[in-house]
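> File start31.pdb follows (PDB, N, CA and C atoms):
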```
ATOM      1  N   MET L   3     -12.536  10.234  20.030  1.00  0.00           N
ATOM      2  CA  MET L   3     -11.318   9.501  19.742  1.00  0.00           C
ATOM      3  C   MET L   3     -11.007   9.610  18.246  1.00  0.00           C
ATOM      4  N   ASN L   4      -9.814  10.037  17.917  1.00  0.00           N
ATOM      5  CA  ASN L   4      -9.395  10.149  16.518  1.00  0.00           C
ATOM      6  C   ASN L   4      -8.433   9.034  16.179  1.00  0.00           C
ATOM      7  N   LEU L   5      -8.649   8.423  15.049  1.00  0.00           N
ATOM      8  CA  LEU L   5      -7.772   7.361  14.563  1.00  0.00           C
ATOM      9  C   LEU L   5      -7.299   7.771  13.180  1.00  0.00           C
ATOM     10  N   THR L   6      -5.988   7.933  13.027  1.00  0.00           N
ATOM     11  CA  THR L   6      -5.430   8.301  11.734  1.00  0.00           C
ATOM     12  C   THR L   6      -4.793   7.068  11.112  1.00  0.00           C
ATOM     13  N   LEU L   7      -5.217   6.756   9.911  1.00  0.00           N
ATOM     14  CA  LEU L   7      -4.736   5.579   9.205  1.00  0.00           C
ATOM     15  C   LEU L   7      -3.949   6.034   7.985  1.00  0.00           C
ATOM     16  N   SER L   8      -2.664   5.719   7.960  1.00  0.00           N
ATOM     17  CA  SER L   8      -1.841   6.063   6.806  1.00  0.00           C
ATOM     18  C   SER L   8      -1.912   4.941   5.782  1.00  0.00           C
ATOM     19  N   ILE L   9      -2.116   5.306   4.542  1.00  0.00           N
ATOM     20  CA  ILE L   9      -2.291   4.306   3.493  1.00  0.00           C
ATOM     21  C   ILE L   9      -0.958   3.686   3.084  1.00  0.00           C
ATOM     22  N   GLY L  10       0.105   4.473   3.039  1.00  0.00           N
ATOM     23  CA  GLY L  10       1.410   3.974   2.604  1.00  0.00           C
ATOM     24  C   GLY L  10       1.900   2.759   3.383  1.00  0.00           C
ATOM     25  N   PRO L  11       2.021   2.868   4.706  1.00  0.00           N
ATOM     26  CA  PRO L  11       2.476   1.703   5.484  1.00  0.00           C
ATOM     27  C   PRO L  11       1.522   0.512   5.408  1.00  0.00           C
ATOM     28  N   LEU L  12       0.232   0.788   5.307  1.00  0.00           N
ATOM     29  CA  LEU L  12      -0.741  -0.296   5.209  1.00  0.00           C
ATOM     30  C   LEU L  12      -0.568  -1.064   3.900  1.00  0.00           C
ATOM     31  N   VAL L  13      -0.366  -0.351   2.798  1.00  0.00           N
ATOM     32  CA  VAL L  13      -0.153  -0.996   1.500  1.00  0.00           C
ATOM     33  C   VAL L  13       1.170  -1.770   1.512  1.00  0.00           C
ATOM     34  N   SER L  14       2.190  -1.215   2.153  1.00  0.00           N
ATOM     35  CA  SER L  14       3.484  -1.903   2.256  1.00  0.00           C
ATOM     36  C   SER L  14       3.348  -3.213   3.019  1.00  0.00           C
ATOM     37  N   LEU L  15       2.603  -3.185   4.105  1.00  0.00           N
ATOM     38  CA  LEU L  15       2.394  -4.394   4.902  1.00  0.00           C
ATOM     39  C   LEU L  15       1.666  -5.466   4.103  1.00  0.00           C
ATOM     40  N   ILE L  16       0.623  -5.080   3.401  1.00  0.00           N
ATOM     41  CA  ILE L  16      -0.137  -6.040   2.591  1.00  0.00           C
ATOM     42  C   ILE L  16       0.732  -6.596   1.467  1.00  0.00           C
ATOM     43  N   ALA L  17       1.514  -5.737   0.812  1.00  0.00           N
ATOM     44  CA  ALA L  17       2.393  -6.191  -0.268  1.00  0.00           C
ATOM     45  C   ALA L  17       3.442  -7.165   0.262  1.00  0.00           C
ATOM     46  N   GLY L  18       4.016  -6.866   1.424  1.00  0.00           N
ATOM     47  CA  GLY L  18       5.010  -7.760   2.017  1.00  0.00           C
ATOM     48  C   GLY L  18       4.440  -9.122   2.349  1.00  0.00           C
ATOM     49  N   ILE L  19       3.240  -9.155   2.892  1.00  0.00           N
ATOM     50  CA  ILE L  19       2.593 -10.425   3.233  1.00  0.00           C
ATOM     51  C   ILE L  19       2.304 -11.223   1.964  1.00  0.00           C
ATOM     52  N   LEU L  20       1.815 -10.545   0.919  1.00  0.00           N
ATOM     53  CA  LEU L  20       1.526 -11.239  -0.336  1.00  0.00           C
ATOM     54  C   LEU L  20       2.791 -11.806  -0.970  1.00  0.00           C
ATOM     55  N   ILE L  21       3.907 -11.066  -0.882  1.00  0.00           N
ATOM     56  CA  ILE L  21       5.166 -11.563  -1.440  1.00  0.00           C
ATOM     57  C   ILE L  21       5.635 -12.796  -0.680  1.00  0.00           C
ATOM     58  N   LEU L  22       5.457 -12.802   0.642  1.00  0.00           N
ATOM     59  CA  LEU L  22       5.839 -13.984   1.425  1.00  0.00           C
ATOM     60  C   LEU L  22       4.968 -15.192   1.078  1.00  0.00           C
ATOM     61  N   LEU L  23       3.685 -14.955   0.849  1.00  0.00           N
ATOM     62  CA  LEU L  23       2.770 -16.061   0.576  1.00  0.00           C
ATOM     63  C   LEU L  23       2.870 -16.557  -0.865  1.00  0.00           C
ATOM     64  N   MET L  24       3.097 -15.632  -1.810  1.00  0.00           N
ATOM     65  CA  MET L  24       3.112 -15.990  -3.226  1.00  0.00           C
ATOM     66  C   MET L  24       4.324 -15.370  -3.917  1.00  0.00           C
ATOM     67  N   PRO L  25       5.525 -15.905  -3.715  1.00  0.00           N
ATOM     68  CA  PRO L  25       6.718 -15.285  -4.294  1.00  0.00           C
ATOM     69  C   PRO L  25       6.733 -15.257  -5.823  1.00  0.00           C
ATOM     70  N   LYS L  26       5.957 -16.114  -6.479  1.00  0.00           N
ATOM     71  CA  LYS L  26       5.922 -16.118  -7.943  1.00  0.00           C
ATOM     72  C   LYS L  26       5.266 -14.852  -8.496  1.00  0.00           C
ATOM     73  N   LEU L  27       4.483 -14.178  -7.678  1.00  0.00           N
ATOM     74  CA  LEU L  27       3.784 -12.972  -8.127  1.00  0.00           C
ATOM     75  C   LEU L  27       4.537 -11.696  -7.747  1.00  0.00           C
ATOM     76  N   LEU L  28       5.836 -11.801  -7.483  1.00  0.00           N
ATOM     77  CA  LEU L  28       6.622 -10.664  -7.009  1.00  0.00           C
ATOM     78  C   LEU L  28       6.530  -9.466  -7.953  1.00  0.00           C
ATOM     79  N   ASN L  29       6.713  -9.659  -9.254  1.00  0.00           N
ATOM     80  CA  ASN L  29       6.675  -8.541 -10.209  1.00  0.00           C
ATOM     81  C   ASN L  29       5.315  -7.855 -10.206  1.00  0.00           C
ATOM     82  N   PHE L  30       4.257  -8.639 -10.179  1.00  0.00           N
ATOM     83  CA  PHE L  30       2.906  -8.082 -10.182  1.00  0.00           C
ATOM     84  C   PHE L  30       2.641  -7.290  -8.907  1.00  0.00           C
ATOM     85  N   ILE L  31       3.037  -7.836  -7.768  1.00  0.00           N
ATOM     86  CA  ILE L  31       2.791  -7.173  -6.489  1.00  0.00           C
ATOM     87  C   ILE L  31       3.583  -5.868  -6.394  1.00  0.00           C
ATOM     88  N   VAL L  32       4.839  -5.875  -6.824  1.00  0.00           N
ATOM     89  CA  VAL L  32       5.658  -4.660  -6.784  1.00  0.00           C
ATOM     90  C   VAL L  32       5.078  -3.599  -7.713  1.00  0.00           C
ATOM     91  N   ALA L  33       4.650  -3.998  -8.902  1.00  0.00           N
ATOM     92  CA  ALA L  33       4.055  -3.038  -9.837  1.00  0.00           C
ATOM     93  C   ALA L  33       2.772  -2.443  -9.256  1.00  0.00           C
ATOM     94  N   LEU L  34       1.939  -3.274  -8.675  1.00  0.00           N
ATOM     95  CA  LEU L  34       0.693  -2.799  -8.069  1.00  0.00           C
ATOM     96  C   LEU L  34       0.984  -1.857  -6.906  1.00  0.00           C
ATOM     97  N   TYR L  35       1.980  -2.192  -6.091  1.00  0.00           N
ATOM     98  CA  TYR L  35       2.375  -1.342  -4.967  1.00  0.00           C
ATOM     99  C   TYR L  35       2.822   0.033  -5.465  1.00  0.00           C
ATOM    100  N   LEU L  36       3.654   0.058  -6.504  1.00  0.00           N
ATOM    101  CA  LEU L  36       4.142   1.329  -7.025  1.00  0.00           C
ATOM    102  C   LEU L  36       3.014   2.175  -7.606  1.00  0.00           C
ATOM    103  N   ILE L  37       2.063   1.546  -8.258  1.00  0.00           N
ATOM    104  CA  ILE L  37       0.917   2.270  -8.807  1.00  0.00           C
ATOM    105  C   ILE L  37       0.081   2.876  -7.687  1.00  0.00           C
ATOM    106  N   VAL L  38      -0.189   2.094  -6.649  1.00  0.00           N
ATOM    107  CA  VAL L  38      -1.008   2.587  -5.533  1.00  0.00           C
ATOM    108  C   VAL L  38      -0.313   3.742  -4.823  1.00  0.00           C
ATOM    109  N   ILE L  39       0.984   3.604  -4.534  1.00  0.00           N
ATOM    110  CA  ILE L  39       1.718   4.668  -3.856  1.00  0.00           C
ATOM    111  C   ILE L  39       1.790   5.918  -4.740  1.00  0.00           C
ATOM    112  N   GLY L  40       1.938   5.742  -6.042  1.00  0.00           N
ATOM    113  CA  GLY L  40       1.939   6.876  -6.957  1.00  0.00           C
ATOM    114  C   GLY L  40       0.615   7.613  -6.968  1.00  0.00           C
ATOM    115  N   LEU L  41      -0.487   6.871  -6.992  1.00  0.00           N
ATOM    116  CA  LEU L  41      -1.809   7.496  -6.966  1.00  0.00           C
ATOM    117  C   LEU L  41      -2.062   8.216  -5.652  1.00  0.00           C
ATOM    118  N   VAL L  42      -1.621   7.612  -4.558  1.00  0.00           N
ATOM    119  CA  VAL L  42      -1.767   8.258  -3.248  1.00  0.00           C
ATOM    120  C   VAL L  42      -0.991   9.566  -3.227  1.00  0.00           C
ATOM    121  N   GLY L  43       0.206   9.564  -3.790  1.00  0.00           N
ATOM    122  CA  GLY L  43       1.009  10.774  -3.834  1.00  0.00           C
ATOM    123  C   GLY L  43       0.406  11.847  -4.726  1.00  0.00           C
ATOM    124  N   LEU L  44      -0.149  11.448  -5.846  1.00  0.00           N
ATOM    125  CA  LEU L  44      -0.738  12.416  -6.770  1.00  0.00           C
ATOM    126  C   LEU L  44      -2.001  13.069  -6.231  1.00  0.00           C
ATOM    127  N   PHE L  45      -2.851  12.261  -5.637  1.00  0.00           N
ATOM    128  CA  PHE L  45      -4.147  12.768  -5.192  1.00  0.00           C
ATOM    129  C   PHE L  45      -4.168  13.169  -3.728  1.00  0.00           C
ATOM    130  N   GLY L  46      -3.051  13.018  -3.022  1.00  0.00           N
ATOM    131  CA  GLY L  46      -2.958  13.480  -1.648  1.00  0.00           C
ATOM    132  C   GLY L  46      -3.816  12.706  -0.674  1.00  0.00           C
ATOM    133  N   LEU L  47      -3.922  11.417  -0.867  1.00  0.00           N
ATOM    134  CA  LEU L  47      -4.727  10.588   0.041  1.00  0.00           C
ATOM    135  C   LEU L  47      -3.829   9.923   1.082  1.00  0.00           C
ATOM    136  N   GLY L  48      -2.824  10.612   1.543  1.00  0.00           N
ATOM    137  CA  GLY L  48      -1.827  10.048   2.437  1.00  0.00           C
ATOM    138  C   GLY L  48      -2.366   9.568   3.763  1.00  0.00           C
ATOM    139  N   SER L  49      -3.383  10.222   4.301  1.00  0.00           N
ATOM    140  CA  SER L  49      -3.955   9.771   5.561  1.00  0.00           C
ATOM    141  C   SER L  49      -5.454   9.998   5.541  1.00  0.00           C
ATOM    142  N   MET L  50      -6.135   9.083   6.175  1.00  0.00           N
ATOM    143  CA  MET L  50      -7.588   9.162   6.271  1.00  0.00           C
ATOM    144  C   MET L  50      -7.963   9.215   7.737  1.00  0.00           C
ATOM    145  N   ARG L  51      -8.954   9.982   8.076  1.00  0.00           N
ATOM    146  CA  ARG L  51      -9.409  10.048   9.467  1.00  0.00           C
ATOM    147  C   ARG L  51     -10.661   9.195   9.625  1.00  0.00           C
ATOM    148  N   LEU L  52     -10.614   8.340  10.642  1.00  0.00           N
ATOM    149  CA  LEU L  52     -11.762   7.492  10.934  1.00  0.00           C
ATOM    150  C   LEU L  52     -12.361   7.881  12.260  1.00  0.00           C
TER     151      LEU L  52
END
```
Rewrite the structure from the file as structure tokens, please.


Amino acid sequence: MNLTLSIGPLVSLIAGILILLMPKLLNFIVALYLIVIGLVGLFGLGSMRL
């Protein structure tokens, strides 16, 4: 059985939940999200096989 986990949608989901729970940290969460997505794009870690 192969399970492919994409990092982009997973990070988006976590960021969205954090923004709903802690709206005061919106700038920090968005900046962290952009950094993570940028690193994923640079290093090609778009999907991991489990």

> Using only C-alpha atoms, which of L:Asn29, L:Leu34, L:Gly46, L:Gly40 sits nearest Ile16 in chain L?

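Among the listed residues, L:Leu34 lies closest to Ile16 in chain L.
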
> Taking the file as shown, what set of residues would the PyMOL selection byres (((chain L and resi 11 and name CA) around 12) and name CA) give back, as a ChimeraX atom specification?

/L:7-10,12-18,35,38-39,42,48-49

> Suppose you want the space between CA of Leu44 in chain L and atom C of Pro25 in chain L; what is it in Å?

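Separation between CA of Leu44 in chain L and atom C of Pro25 in chain L: 28.7 Å.
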
> So the first atom is atom C of Phe45 in chain L and the second is CA of Ala33 in chain L; what is the distance between them in Å, to one decimal place?

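Between these atoms lies a distance of 19.2 Å.
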
> Quick check, in Å to one decimal: how far apart do atom C of Leu20 in chain L and atom N of Val32 in chain L lie?

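Those two atoms sit 8.6 Å apart.
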